[in-house]
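Data block below; observations after.
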Amino acid sequence: MKKLALLLWLPLALVLVACGKSPKDEFISRVESQYTEKPVTYEMTLKLDDVTSKGVNPIASFIGKEIKATMTQDLSKKLISIQADLSDVNPTLSDFEIVYVGDKAYMTVEPMLGMYGITSSDLSGKYMDVADAQGSPLPDLGELTPANKDNVSFFKEMDSKNFTKSGDKVSLSLTIEELLAFTQKVLESGDEETKEIAQQYKAQMETAQKAFAKDSKFVMSVGKQNNVEAVLTMKSADNKEDSMTIKMSIDKIDYQAPKIPAKEDIISQEQMQQSLMAGNGATTNSDYQMTDEEFQEFYTALEAEVANHTKAEMQELIDALAPSLTDDQAKKLEGLLSKIKDAA
């Protein structure tokens, strides 16, 4: 959940508007305002804009596809809600929603079931308690807000050259090295659990820094009406022909009060587990079949993390995914079992 909180707040910390100061001061002023602003709703769009590759790239099929989300925050009530439309990326996935209020967070269960090709009319519109799922309590949102407000100090340490202004837009530009360093600093400044995450990801960040060419960059521009456009361009250090461009836009819209799930709409962890095992009336969606492109992307990510799993965990995952895999895909996944060393 810490990762979720960081992913949630870091983009918010980059939403800014022009306010008649130096580009750097305008940026910092807008960052600070995000933690005191009245109830507000943003409409966000994230898409893979372009991929170039010398060979066949399995994620090229996602070019132009968008994840659309609506985010509402009312910090006076310690409330944040995110609704995401995933249908353009994968039509089999239901809309995703998470509501964080006080020290409670609730997430819709249908997208998770959909990943396993499972449907259940009984669980349509139901939510799971995130704390119940992870087995530990969540921090109060009221405590997270001032803690994340302190992150403004990191922007004050940045060189003024990173901030520019053109017309009514103010922009922040970071090299991939600066972006990763910023992320690491924010992680290391948190509580003990967050610091542990920082240590876990330090090696991966160092590897990522070496993997990307020096001209890889992140640029975010914000207009006078609070419209935001961000572009992340990543180029391979080994082959400049391999690159990826991700674009994000954020627009402020009319406030939409979030709906907090009713008690009867929140299921227990036991019910969720039963559904994942195709119990409690849930049925396998035999119409869903993972494409070769989807499988290759999933396999590559799983292979990179295989050392962090036991054989039992891997076998359980293979069994759960079996209905959505071809025989060749299943055999390839089973091949990962040989790369896992049994615990002593």
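Letters A, B, ... go to the chains of the structure tokens in the order shown; residues in each chain start at 1; ligands are counted from 1 in the same order.
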Give me, as a PyMOL selection string, all polymer residues having an atom no more than 10 Å from range 63-68 of chain A, counting only C-alpha atoms and skipping those fewer than 3 positions away in the same chain.
chain A and resi 43-51+59-60+83-90+95+244-249
Run DSSP on the backbone and tell me which residues of range 115-323 of chain A come out as strand (DSSP E or B); list them as a ChimeraX atom specification.
/A:118-119,127-129,163-166,169-175,212,217-222,228-236,243-253,266-267,283-284
Those residues with N, CA and C atoms, as a compact mmCIF listing (two decimals), in the first residue's frame please?
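Contents of selection05.txt, freshly written:
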```txt
# COMPACT_ATOMS: atom_id res chain seq x y z
N ILE A 118 -11.94 -14.83 -14.46
CA ILE A 118 -13.05 -15.27 -13.62
C ILE A 118 -14.14 -14.20 -13.60
N THR A 119 -15.38 -14.63 -13.73
CA THR A 119 -16.51 -13.71 -13.60
C THR A 119 -17.44 -14.22 -12.52
N TYR A 127 -16.49 -4.54 -3.22
CA TYR A 127 -15.18 -4.01 -2.88
C TYR A 127 -14.49 -4.91 -1.86
N MET A 128 -13.16 -4.84 -1.83
CA MET A 128 -12.40 -5.53 -0.81
C MET A 128 -11.68 -4.50 0.05
N ASP A 129 -11.51 -4.83 1.33
CA ASP A 129 -10.79 -3.97 2.26
C ASP A 129 -9.30 -4.20 2.03
N PHE A 163 13.65 24.46 -14.54
CA PHE A 163 12.33 25.08 -14.68
C PHE A 163 12.37 26.15 -15.77
N THR A 164 11.40 26.11 -16.66
CA THR A 164 11.32 27.10 -17.74
C THR A 164 9.88 27.56 -17.91
N LYS A 165 9.72 28.69 -18.64
CA LYS A 165 8.39 29.20 -18.91
C LYS A 165 8.31 29.63 -20.36
N SER A 166 7.23 29.23 -21.03
CA SER A 166 7.00 29.61 -22.42
C SER A 166 5.53 29.95 -22.58
N LYS A 169 2.67 28.60 -20.17
CA LYS A 169 3.04 27.30 -19.63
C LYS A 169 4.34 27.38 -18.83
N VAL A 170 4.38 26.68 -17.72
CA VAL A 170 5.59 26.54 -16.93
C VAL A 170 5.96 25.06 -16.95
N SER A 171 7.25 24.78 -17.10
CA SER A 171 7.66 23.38 -17.30
C SER A 171 8.78 22.97 -16.36
N LEU A 172 8.76 21.71 -16.02
CA LEU A 172 9.84 21.07 -15.26
C LEU A 172 10.45 20.01 -16.15
N SER A 173 11.77 20.04 -16.31
CA SER A 173 12.47 19.05 -17.13
C SER A 173 13.49 18.32 -16.27
N LEU A 174 13.46 17.00 -16.33
CA LEU A 174 14.40 16.18 -15.57
C LEU A 174 15.01 15.13 -16.48
N THR A 175 16.31 14.91 -16.33
CA THR A 175 16.93 13.78 -17.01
C THR A 175 16.48 12.52 -16.28
N PHE A 212 19.21 3.25 -19.43
CA PHE A 212 18.66 4.32 -20.26
C PHE A 212 19.74 5.29 -20.73
N LYS A 217 14.39 11.56 -20.89
CA LYS A 217 13.98 12.69 -20.05
C LYS A 217 12.48 12.67 -19.72
N PHE A 218 12.16 13.48 -18.72
CA PHE A 218 10.78 13.68 -18.28
C PHE A 218 10.49 15.17 -18.34
N VAL A 219 9.42 15.55 -19.03
CA VAL A 219 9.05 16.97 -19.15
C VAL A 219 7.56 17.11 -18.83
N MET A 220 7.25 18.03 -17.92
CA MET A 220 5.85 18.30 -17.61
C MET A 220 5.57 19.79 -17.81
N SER A 221 4.53 20.09 -18.58
CA SER A 221 4.15 21.48 -18.85
C SER A 221 2.72 21.71 -18.38
N VAL A 222 2.50 22.87 -17.76
CA VAL A 222 1.19 23.19 -17.20
C VAL A 222 0.73 24.54 -17.70
N VAL A 228 -2.49 19.97 -17.68
CA VAL A 228 -1.13 19.45 -17.56
C VAL A 228 -0.84 18.46 -18.68
N GLU A 229 0.35 18.56 -19.24
CA GLU A 229 0.82 17.60 -20.23
C GLU A 229 2.21 17.14 -19.81
N ALA A 230 2.40 15.84 -19.70
CA ALA A 230 3.69 15.30 -19.30
C ALA A 230 4.14 14.26 -20.32
N VAL A 231 5.43 14.25 -20.59
CA VAL A 231 6.00 13.31 -21.55
C VAL A 231 7.24 12.66 -20.94
N LEU A 232 7.26 11.34 -20.91
CA LEU A 232 8.42 10.59 -20.45
C LEU A 232 8.99 9.84 -21.64
N THR A 233 10.22 10.19 -22.02
CA THR A 233 10.89 9.56 -23.16
C THR A 233 12.06 8.74 -22.65
N MET A 234 12.03 7.44 -22.93
CA MET A 234 13.09 6.54 -22.48
C MET A 234 13.77 5.91 -23.69
N LYS A 235 15.09 6.06 -23.74
CA LYS A 235 15.88 5.51 -24.83
C LYS A 235 16.91 4.53 -24.27
N SER A 236 17.12 3.46 -25.00
CA SER A 236 18.07 2.44 -24.56
C SER A 236 19.50 2.95 -24.67
N SER A 243 13.33 2.78 -28.14
CA SER A 243 12.84 3.89 -27.32
C SER A 243 11.35 3.73 -27.05
N MET A 244 10.90 4.47 -26.05
CA MET A 244 9.49 4.42 -25.66
C MET A 244 9.07 5.81 -25.18
N THR A 245 7.90 6.25 -25.59
CA THR A 245 7.38 7.55 -25.16
C THR A 245 6.01 7.37 -24.52
N ILE A 246 5.89 7.84 -23.29
CA ILE A 246 4.63 7.76 -22.55
C ILE A 246 4.12 9.18 -22.31
N LYS A 247 2.85 9.40 -22.58
CA LYS A 247 2.27 10.73 -22.39
C LYS A 247 1.14 10.68 -21.35
N MET A 248 1.07 11.76 -20.58
CA MET A 248 0.02 11.88 -19.57
C MET A 248 -0.58 13.28 -19.64
N SER A 249 -1.88 13.36 -19.51
CA SER A 249 -2.55 14.66 -19.44
C SER A 249 -3.46 14.69 -18.22
N ILE A 250 -3.57 15.86 -17.61
CA ILE A 250 -4.42 16.05 -16.43
C ILE A 250 -5.22 17.33 -16.61
N ASP A 251 -6.54 17.22 -16.46
CA ASP A 251 -7.41 18.39 -16.59
C ASP A 251 -8.35 18.48 -15.39
N LYS A 252 -8.48 19.67 -14.86
CA LYS A 252 -9.39 19.89 -13.75
C LYS A 252 -10.81 19.98 -14.29
N ILE A 253 -11.74 19.22 -13.68
CA ILE A 253 -13.14 19.21 -14.13
C ILE A 253 -14.06 19.51 -12.95
N ILE A 266 -18.90 -4.60 0.86
CA ILE A 266 -17.49 -4.92 1.15
C ILE A 266 -17.40 -6.39 1.50
N ILE A 267 -16.62 -7.15 0.72
CA ILE A 267 -16.50 -8.59 0.97
C ILE A 267 -15.26 -8.87 1.81
N THR A 283 -17.18 -18.37 -12.05
CA THR A 283 -16.91 -19.31 -13.13
C THR A 283 -15.77 -18.83 -13.98
N THR A 284 -15.02 -19.76 -14.52
CA THR A 284 -13.90 -19.40 -15.38
C THR A 284 -14.40 -18.82 -16.69
```
Determine which residues of range 123-319 of chain A receive a DSSP assignment of helix (DSSP H, G or I), computed from the backbone, and state them as a PyMOL selection string.
chain A and resi 123+130-134+141-149+152-156+160-162+176-188+192-211+263-265+269-276+292-304+306-308+311-319
So which residues touch Ala203 in chain A within 12 Å, counting only C-alpha atoms, skipping near sequence neighbours fewer than 6 positions away, as a PyMOL selection string?
chain A and resi 180+184+197+209-210
How many Å separate CA of Ile176 in chain A from CA of Ala213 in chain A?
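That distance, rounded to one decimal, is 8.3 Å.
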Mind pulling up the distance from CA of Phe27 in chain A to CA of Lys156 in chain A?
9.6 Å
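Counting only C-alpha atoms, the residue from A:Lys78, A:Met205, A:Ala322, A:Asn162 that sits nearest to Pro23 in chain A is A:Asn162.
Taking only C-alpha atoms into account, Thr291 in chain A lies nearest to A:Ser324 out of the set A:Glu313, A:Ala257, A:Pro111, A:Ser324.
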